[in-house]
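Below is data-v8.txt, holding compact mmCIF, C-alpha atoms.
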# COMPACT_ATOMS: atom_id res chain seq x y z
CA MET A 15 146.49 170.42 58.58
CA TYR A 16 142.86 171.61 58.39
CA SER A 17 142.18 170.15 61.88
CA THR A 18 144.19 172.97 63.48
CA PHE A 19 142.63 175.62 61.25
CA TYR A 20 139.11 174.54 62.24
CA ASN A 21 140.00 173.68 65.87
CA LEU A 22 139.12 169.99 65.48
CA THR A 23 140.48 167.42 67.92
CA LYS A 24 141.08 164.89 65.13
CA LYS A 25 140.30 164.25 61.47
CA PRO A 26 136.56 163.58 61.26
CA PHE A 27 136.61 161.83 57.89
CA GLN A 28 139.61 159.54 58.06
CA LEU A 29 139.26 156.45 55.90
CA ASN A 30 140.64 154.07 58.52
CA PRO A 31 137.66 152.58 60.45
CA ASP A 32 137.60 154.02 63.98
CA PRO A 33 134.86 152.71 66.35
CA GLU A 34 134.79 156.13 68.04
CA PHE A 35 133.10 157.44 64.87
CA PHE A 36 130.62 154.56 64.56
CA PHE A 37 127.29 155.92 63.30
CA ASN A 38 124.33 153.88 64.42
CA SER A 39 122.20 154.25 61.30
CA ALA A 40 119.15 152.03 60.83
CA VAL A 41 121.04 149.66 58.52
CA HIS A 42 124.15 149.49 60.72
CA LYS A 43 122.08 149.06 63.88
CA ARG A 44 120.31 146.12 62.26
CA GLY A 45 123.62 144.68 61.01
CA LEU A 46 125.10 144.92 64.51
CA ALA A 47 122.03 143.17 65.91
CA TYR A 48 122.56 140.30 63.44
CA LEU A 49 126.20 139.97 64.47
CA ARG A 50 125.29 139.91 68.15
CA TYR A 51 122.56 137.36 67.49
CA GLY A 52 125.03 135.21 65.61
CA LEU A 53 127.55 135.57 68.40
CA GLU A 54 124.99 134.35 70.91
CA GLN A 55 124.37 131.25 68.77
CA GLY A 56 128.07 130.44 69.08
CA GLU A 57 128.30 128.31 65.94
CA GLY A 58 128.52 128.26 62.15
CA PHE A 59 129.14 131.04 59.66
CA ILE A 60 127.68 134.53 59.99
CA VAL A 61 127.82 136.30 56.61
CA VAL A 62 127.75 140.09 56.16
CA THR A 63 127.93 141.46 52.62
CA GLY A 64 127.84 144.92 51.12
CA ALA A 65 129.31 147.11 48.41
CA PRO A 66 132.82 148.50 49.04
CA GLY A 67 132.81 151.32 51.59
CA THR A 68 129.44 150.58 53.20
CA GLY A 69 130.99 149.93 56.62
CA LYS A 70 131.44 146.18 57.05
CA THR A 71 134.82 146.46 58.78
CA MET A 72 133.57 149.32 60.97
CA LEU A 73 130.65 147.12 62.00
CA VAL A 74 132.98 144.36 63.19
CA LYS A 75 135.26 146.80 65.02
CA GLU A 76 132.23 148.18 66.84
CA LEU A 77 131.25 144.62 67.78
CA PHE A 78 134.76 144.00 69.14
CA GLU A 79 134.43 147.13 71.27
CA THR A 80 131.23 145.89 72.89
CA ILE A 81 131.79 142.16 73.38
CA HIS A 82 133.08 140.73 76.65
CA LYS A 83 136.68 140.07 75.68
CA GLU A 84 137.18 137.92 78.74
CA GLU A 85 134.61 135.52 77.24
CA VAL A 86 135.35 135.75 73.50
CA ILE A 87 138.76 135.46 71.82
CA PRO A 88 138.49 137.36 68.50
CA GLY A 89 140.87 136.96 65.57
CA LEU A 90 140.92 138.90 62.30
CA MET A 91 141.94 137.33 59.00
CA VAL A 92 142.14 139.54 55.89
CA THR A 93 142.15 137.28 52.86
CA SER A 94 143.64 137.39 49.40
CA GLN A 95 144.17 134.64 46.85
CA ILE A 96 145.33 131.89 49.19
CA GLY A 97 145.42 128.12 49.04
CA ALA A 98 143.92 125.77 51.58
CA ASP A 99 147.13 125.29 53.59
CA ASP A 100 147.79 129.03 53.57
CA ALA A 101 144.27 129.61 54.89
CA LEU A 102 145.07 127.48 57.94
CA ARG A 103 148.34 129.35 58.43
CA MET A 104 146.50 132.65 58.33
CA VAL A 105 144.03 131.37 60.93
CA ALA A 106 146.95 130.40 63.16
CA ALA A 107 148.58 133.79 62.63
CA SER A 108 145.32 135.48 63.66
CA TYR A 109 145.80 134.01 67.15
CA ASP A 110 149.59 134.46 67.29
CA LEU A 111 150.19 130.72 66.92
CA PRO A 112 153.28 129.30 65.13
CA PHE A 113 152.59 128.63 61.45
CA ASP A 114 155.73 129.04 59.34
CA GLY A 115 156.95 125.77 57.81
CA ILE A 116 154.56 123.64 59.89
CA PRO A 117 152.93 120.65 58.11
CA LYS A 118 149.15 120.80 57.68
CA ALA A 119 148.45 117.93 60.08
CA VAL A 120 150.53 119.55 62.83
CA LEU A 121 148.90 122.92 62.13
CA LEU A 122 145.41 121.44 62.51
CA LYS A 123 146.41 119.77 65.77
CA SER A 124 147.83 123.05 67.05
CA LEU A 125 144.65 124.95 66.22
CA GLU A 126 142.45 122.28 67.81
CA GLY A 127 144.60 122.35 70.94
CA PHE A 128 144.34 126.13 71.17
CA PHE A 129 140.56 126.09 70.67
CA LYS A 130 140.13 123.38 73.35
CA MET A 131 142.36 125.24 75.80
CA LYS A 132 140.19 128.34 75.45
CA ALA A 133 137.03 126.26 75.83
CA GLN A 134 138.38 124.80 79.07
CA GLU A 135 138.96 128.38 80.26
CA GLY A 136 135.29 129.10 79.58
CA LYS A 137 136.02 131.18 76.47
CA ARG A 138 134.86 130.99 72.86
CA VAL A 139 136.97 131.62 69.78
CA LEU A 140 135.67 133.91 67.05
CA LEU A 141 137.34 134.27 63.65
CA VAL A 142 136.45 137.24 61.43
CA VAL A 143 137.35 136.75 57.76
CA ASP A 144 137.44 140.09 55.93
CA GLU A 145 137.31 140.33 52.12
CA ALA A 146 135.99 136.78 52.10
CA GLN A 147 134.93 137.05 48.44
CA HIS A 148 138.59 136.32 47.56
CA LEU A 149 138.56 132.88 49.20
CA PRO A 150 138.81 129.97 46.75
CA TYR A 151 136.63 126.92 47.23
CA GLN A 152 139.30 124.80 48.95
CA SER A 153 140.02 127.53 51.51
CA LEU A 154 136.33 127.83 52.33
CA GLU A 155 136.21 124.06 52.75
CA GLU A 156 139.10 124.20 55.23
CA LEU A 157 137.27 126.83 57.26
CA ARG A 158 134.09 124.75 57.16
CA MET A 159 136.00 121.75 58.47
CA LEU A 160 137.29 123.82 61.38
CA LEU A 161 133.66 124.42 62.38
CA ASN A 162 133.34 120.66 62.96
CA LEU A 163 135.75 120.78 65.91
CA GLU A 164 133.88 120.26 69.20
CA PHE A 165 134.57 119.94 72.91
CA ASN A 166 131.98 118.42 75.28
CA GLY A 167 129.39 118.65 72.52
CA LYS A 168 129.94 122.37 71.87
CA PRO A 169 131.58 123.93 68.78
CA LEU A 170 135.06 125.32 69.39
CA LEU A 171 135.01 127.99 66.69
CA GLN A 172 132.62 130.46 65.10
CA ILE A 173 133.37 132.36 61.88
CA PHE A 174 132.12 135.72 60.63
CA MET A 175 132.62 136.25 56.88
CA LEU A 176 132.62 139.81 55.55
CA GLY A 177 132.66 140.38 51.82
CA GLN A 178 131.51 142.33 48.82
CA ASP A 179 128.54 141.40 46.65
CA GLU A 180 130.62 138.72 44.91
CA LEU A 181 130.56 136.71 48.14
CA ARG A 182 126.82 136.22 47.84
CA CYS A 183 127.27 134.90 44.30
CA LEU A 184 130.16 132.68 45.39
CA LEU A 185 128.09 131.08 48.16
CA GLN A 186 125.28 130.27 45.72
CA ALA A 187 127.53 128.03 43.59
CA ASP A 188 126.51 124.37 43.35
CA ASN A 189 129.66 123.19 45.14
CA MET A 190 128.93 125.42 48.16
CA GLU A 191 125.97 123.43 49.49
CA GLN A 192 127.83 122.20 52.59
CA VAL A 193 129.08 125.72 53.35
CA ARG A 194 125.53 127.13 53.00
CA GLN A 195 124.26 124.54 55.46
CA ARG A 196 126.59 125.95 58.11
CA ILE A 197 125.41 129.55 57.70
CA THR A 198 123.29 130.60 60.69
CA ALA A 199 122.61 134.23 59.70
CA THR A 200 123.22 136.58 56.76
CA TYR A 201 122.88 140.33 56.36
CA HIS A 202 123.46 142.74 53.48
CA LEU A 203 124.57 146.29 54.23
CA ARG A 204 123.06 148.98 52.01
CA ALA A 205 124.16 152.59 51.64
CA LEU A 206 122.75 155.44 53.75
CA GLU A 207 119.56 157.31 52.85
CA LYS A 208 119.66 161.07 52.15
CA GLU A 209 118.71 162.18 55.67
CA GLU A 210 121.05 159.57 57.17
CA THR A 211 123.87 160.97 55.06
CA LYS A 212 123.43 164.40 56.62
CA ASP A 213 123.21 162.92 60.13
CA TYR A 214 126.32 160.80 59.44
CA ILE A 215 128.36 163.87 58.41
CA LEU A 216 127.25 165.89 61.43
CA HIS A 217 127.90 162.95 63.75
CA ARG A 218 131.49 162.60 62.59
CA LEU A 219 132.08 166.35 62.78
CA ILE A 220 130.72 166.59 66.32
CA THR A 221 132.74 163.54 67.39
CA ALA A 222 135.86 165.36 66.13
CA GLY A 223 135.12 168.44 68.25
CA TRP A 224 133.41 170.53 65.57
CA ASN A 225 131.99 173.84 66.79
CA LYS A 226 130.11 174.74 63.58
CA ASN A 227 133.27 176.06 61.94
CA PRO A 228 133.17 175.60 59.05
CA LYS A 229 129.43 175.84 58.69
CA PHE A 230 127.88 173.44 56.19
CA SER A 231 125.11 175.06 54.16
CA GLU A 232 121.88 173.08 54.00
CA GLU A 233 121.97 172.49 50.24
CA ILE A 234 125.49 171.02 50.34
CA PHE A 235 124.14 167.85 51.95
CA ASP A 236 121.97 167.18 48.88
CA ASP A 237 125.03 167.53 46.65
CA ILE A 238 127.07 165.21 48.85
CA PHE A 239 124.35 162.57 48.82
CA GLU A 240 123.85 162.82 45.06
CA PHE A 241 127.57 162.37 44.39
CA THR A 242 128.26 159.62 46.95
CA GLY A 243 125.03 157.65 46.81
CA GLY A 244 125.18 157.45 50.61
CA THR A 245 128.29 155.23 50.68
CA PRO A 246 130.19 156.11 53.88
CA ARG A 247 133.71 155.71 52.46
CA ILE A 248 132.93 157.98 49.49
CA ILE A 249 131.30 160.48 51.85
CA ASN A 250 134.45 160.48 53.97
CA ASN A 251 136.66 161.06 50.94
CA LEU A 252 134.52 163.93 49.63
CA CYS A 253 134.12 165.64 53.02
CA ASP A 254 137.84 165.31 53.74
CA ARG A 255 138.57 167.04 50.42
CA LEU A 256 135.95 169.69 51.24
CA LEU A 257 137.62 170.54 54.55
CA LEU A 258 141.02 170.63 52.87
CA TYR A 259 139.65 172.99 50.23
CA GLY A 260 138.07 175.14 52.94
CA PHE A 261 141.41 175.35 54.74
CA LEU A 262 143.34 176.30 51.60
CA GLU A 263 140.75 178.96 50.71
CA GLU A 264 140.34 180.04 54.37
CA LEU A 265 136.58 179.49 54.27
CA ASN A 266 134.28 179.49 57.29
CA VAL A 267 131.28 178.35 55.25
CA LEU A 268 131.21 175.37 52.90
CA ASP A 269 128.41 175.76 50.39
CA ARG A 270 127.22 174.37 47.07
CA GLN A 271 129.91 176.28 45.17
CA ALA A 272 132.64 174.67 47.26
CA ALA A 273 131.06 171.24 46.78
CA THR A 274 130.90 171.74 43.00
CA ILE A 275 134.58 172.70 42.82
CA VAL A 276 135.73 169.74 44.94
CA ILE A 277 133.49 167.24 43.14
CA ASN A 278 134.87 168.46 39.80
CA GLU A 279 138.40 167.95 41.15
CA ILE A 280 137.58 164.39 42.23
CA GLU A 281 136.03 163.62 38.85
CA GLN A 282 139.09 165.05 37.14
CA ASP A 283 141.33 162.84 39.31
CA SER A 284 139.19 159.89 38.27
CA LYS A 285 139.78 160.75 34.60
CA TYR A 286 143.53 160.87 35.27
CA GLN A 287 143.31 157.43 36.89
CA LYS A 288 141.44 155.99 33.91
CA ALA A 289 143.95 157.53 31.53
CA ASP A 290 146.85 156.09 33.54
CA LEU A 291 145.10 152.71 33.61
CA ALA A 292 144.61 152.78 29.85
CA VAL A 293 148.32 153.45 29.38
CA ASP A 294 149.29 150.75 31.87
CA ASN A 295 147.02 148.23 30.18
CA THR A 296 148.82 148.65 26.86
CA ILE A 297 151.75 146.85 28.48
CA TYR A 298 149.69 143.66 28.68
CA THR A 299 148.06 143.80 25.24
CA PRO A 300 149.02 140.63 23.33
CA THR A 301 150.70 141.18 19.96
CA GLU A 302 149.66 139.36 16.82
CA ASN A 303 152.53 136.91 17.32
CA HIS A 304 151.76 136.28 21.00
CA ASP A 305 148.05 135.59 21.10
CA ILE A 306 146.98 133.50 24.07
CA GLU A 307 144.46 130.78 23.30
CA LEU A 308 142.40 129.30 26.10
CA SER A 309 140.66 125.98 25.91
CA PRO A 310 136.94 126.31 25.10
CA ASN A 311 136.23 123.52 27.60
CA LYS A 312 137.11 125.43 30.76
CA SER A 313 135.99 123.86 34.04
CA PRO A 314 133.94 125.83 36.64
CA GLU A 315 137.02 125.78 38.92
CA PHE A 316 139.12 127.33 36.14
CA GLU A 317 136.51 130.04 35.52
CA LEU A 318 136.30 130.81 39.25
CA ARG A 319 140.07 130.99 39.61
CA LEU A 320 140.35 133.23 36.52
CA THR A 321 137.68 135.60 37.88
CA GLN A 322 139.44 135.75 41.26
CA LEU A 323 142.79 136.54 39.61
CA GLU A 324 141.19 139.27 37.51
CA ASN A 325 139.61 140.79 40.65
CA GLN A 326 142.94 140.73 42.44
CA ILE A 327 144.69 142.46 39.50
CA LYS A 328 141.98 145.14 39.46
CA TYR A 329 142.42 145.62 43.20
CA LEU A 330 146.20 146.00 42.92
CA ILE A 331 145.91 148.44 40.00
CA ASN A 332 143.36 150.45 42.00
CA GLU A 333 145.71 150.62 44.99
CA VAL A 334 148.55 151.87 42.77
CA ASN A 335 146.27 154.52 41.29
CA LYS A 336 145.24 155.62 44.77
CA GLU A 337 148.89 156.18 45.62
CA LYS A 338 149.27 158.27 42.46
CA VAL A 339 146.30 160.42 43.48
CA LEU A 340 147.69 160.90 47.01
CA LEU A 341 151.06 161.90 45.56
CA ARG A 342 149.36 164.39 43.26
CA LYS A 343 147.46 165.82 46.27
CA ALA A 344 150.67 166.16 48.28
CA ILE A 345 152.35 168.07 45.45
CA LEU A 346 149.37 170.43 45.13
CA ILE A 347 149.26 171.04 48.88
CA ASN A 348 152.99 171.79 48.98
CA LEU A 349 152.59 174.25 46.14
CA ASP A 350 149.67 175.94 47.93
CA MET A 351 151.62 176.12 51.19
CA SER A 352 154.60 177.64 49.37
CA ASN A 353 152.33 180.32 47.93
CA ILE A 354 150.91 181.07 51.39
CA TYR A 355 154.38 181.50 52.88
CA ASP A 356 155.51 183.60 49.93
CA ASN A 357 152.54 185.94 50.35
CA HIS A 358 152.81 186.04 54.15
CA PRO A 359 156.55 185.83 54.98
CA ASN A 360 155.96 186.81 58.61
Taking this structure as input, can you express it in the form of structure tokens?
Amino acid sequence: MYSTFYNLTKKPFQLNPDPEFFFNSAVHKRGLAYLRYGLEQGEGFIVVTGAPGTGKTMLVKELFETIHKEEVIPGLMVTSQIGADDALRMVAASYDLPFDGIPKAVLLKSLEGFFKMKAQEGKRVLLVVDEAQHLPYQSLEELRMLLNLEFNGKPLLQIFMLGQDELRCLLQADNMEQVRQRITATYHLRALEKEETKDYILHRLITAGWNKNPKFSEEIFDDIFEFTGGTPRIINNLCDRLLLYGFLEELNVLDRQAATIVINEIEQDSKYQKADLAVDNTIYTPTENHDIELSPNKSPEFELRLTQLENQIKYLINEVNKEKVLLRKAILINLDMSNIYDNHPN
């Protein structure tokens, strides 16, 4: 919509990671170097952590764009709350291998056969596990056991684990000692600095064919950094809303006033989400006659599983609320477009 108005070749601030828009900031350049170093080692776990929206998935997609695909066979596995057997099935699915209804022993044999076949072809197999903080202990153990597979003294599989800060805590647990011993490199992605935030915005605009229309006033970059904290995904969301606002108001300059209006709208949307969440949560409030009592002697495994389930529920609720916000945006845009057509019938 605003792309045509501003003569852009594509949306510069889309949320879906696109390697064409990869911004080689100091932190992402260093993260990419760690991934390449780990890839050269050809063994063990490589762990990349970071807060949501800092660019972990984009980093891996950029790596995939630059590796020699005739030498490395990459597979992507996005995790949720899965058991050990399901983890193996998801690994098989990542390489388009049969997995449905196959016993675990047969599944392991199939994976080993596939890995060996690729090794005989002179190729290495790389598995990228995204959202790895959701993996339960048994699933991590299954992945660790896959790293033990060898052919002619060389490992058949290497695994990159991408996850939020919880992954670092998970890997420090006492029962994760054997997993930690197989980690060959770790890296934590931080957010962008203030000057990097400005460069990131301009980079994405230029990549999308921007010809300085709309113009971004100098002070607006300070406001964007202050609101987003330098987190790329939040920057994308804010700048996308800014361009949409500029289109609806037919602006050729986006300044501090525009940023203030859009930021207030986003904060208002956030209040709506919290209000909706508060209403939704009343559905699950136990009554006096239905109190749930948990044993005071909960095991570490129980606590871990409970935390993982709570995180998954929060994630699902957040996704539903995102859909509500998008629907609200669509309604507002349709109303604005109707007003434009009513005022300009020709």
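Among the candidates A:Tyr214, A:Phe174, A:Trp224, A:Tyr151, the residue lying nearest to Asn189 of chain A is A:Tyr151 (atoms considered: all atoms listed in the file).
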Among listed residues A:Phe35, A:Asn250, A:Gly89, A:Ala199, nearest Tyr51 of chain A (using all atoms listed in the file): A:Ala199
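Taking all atoms listed in the file into account, Ala47 of chain A lies nearest to A:Glu76 out of the set A:Ile87, A:Thr63, A:Glu76, A:Glu145.
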Long-range neighbours of Gln147 of chain A as a PyMOL selection string, 6 Å cut-off, all atoms listed in the file, 5 positions minimum in chain: chain A and resi 177+180-181
Straight-line distance linking atom CA of Ala65 of chain A with atom CA of Asp179 of chain A, stated in Å to one decimal: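 These two atoms are separated by 6.0 Å.
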Would you compute the box with edges along x, y and z of the file around segment 252-269 of chain A, including every atom the file lists for it and 4 Å extra on each side, and give its centre and edge lengths in Å to one decimal, as AutoDock Vina command-line options?
--center_x 135.9 --center_y 172.0 --center_z 53.5 --size_x 22.9 --size_y 24.1 --size_z 15.7
Shell around segment 158-163 of chain A at 8 Å using only C-alpha atoms, local window under 2 positions removed, as a ChimeraX atom specification: /A:57-58,126,154-156,165,169-173,193,196
Exercise: Glu232 of chain A partners within 9 Å, all atoms listed in the file, chain neighbours under 4 positions left out, as a ChimeraX atom specification: /A:236,269-270
Coordinates-based distance that separates atom CA of Lys123 of chain A from atom CA of Phe78 of chain A (Å, one decimal): 27.1 Å
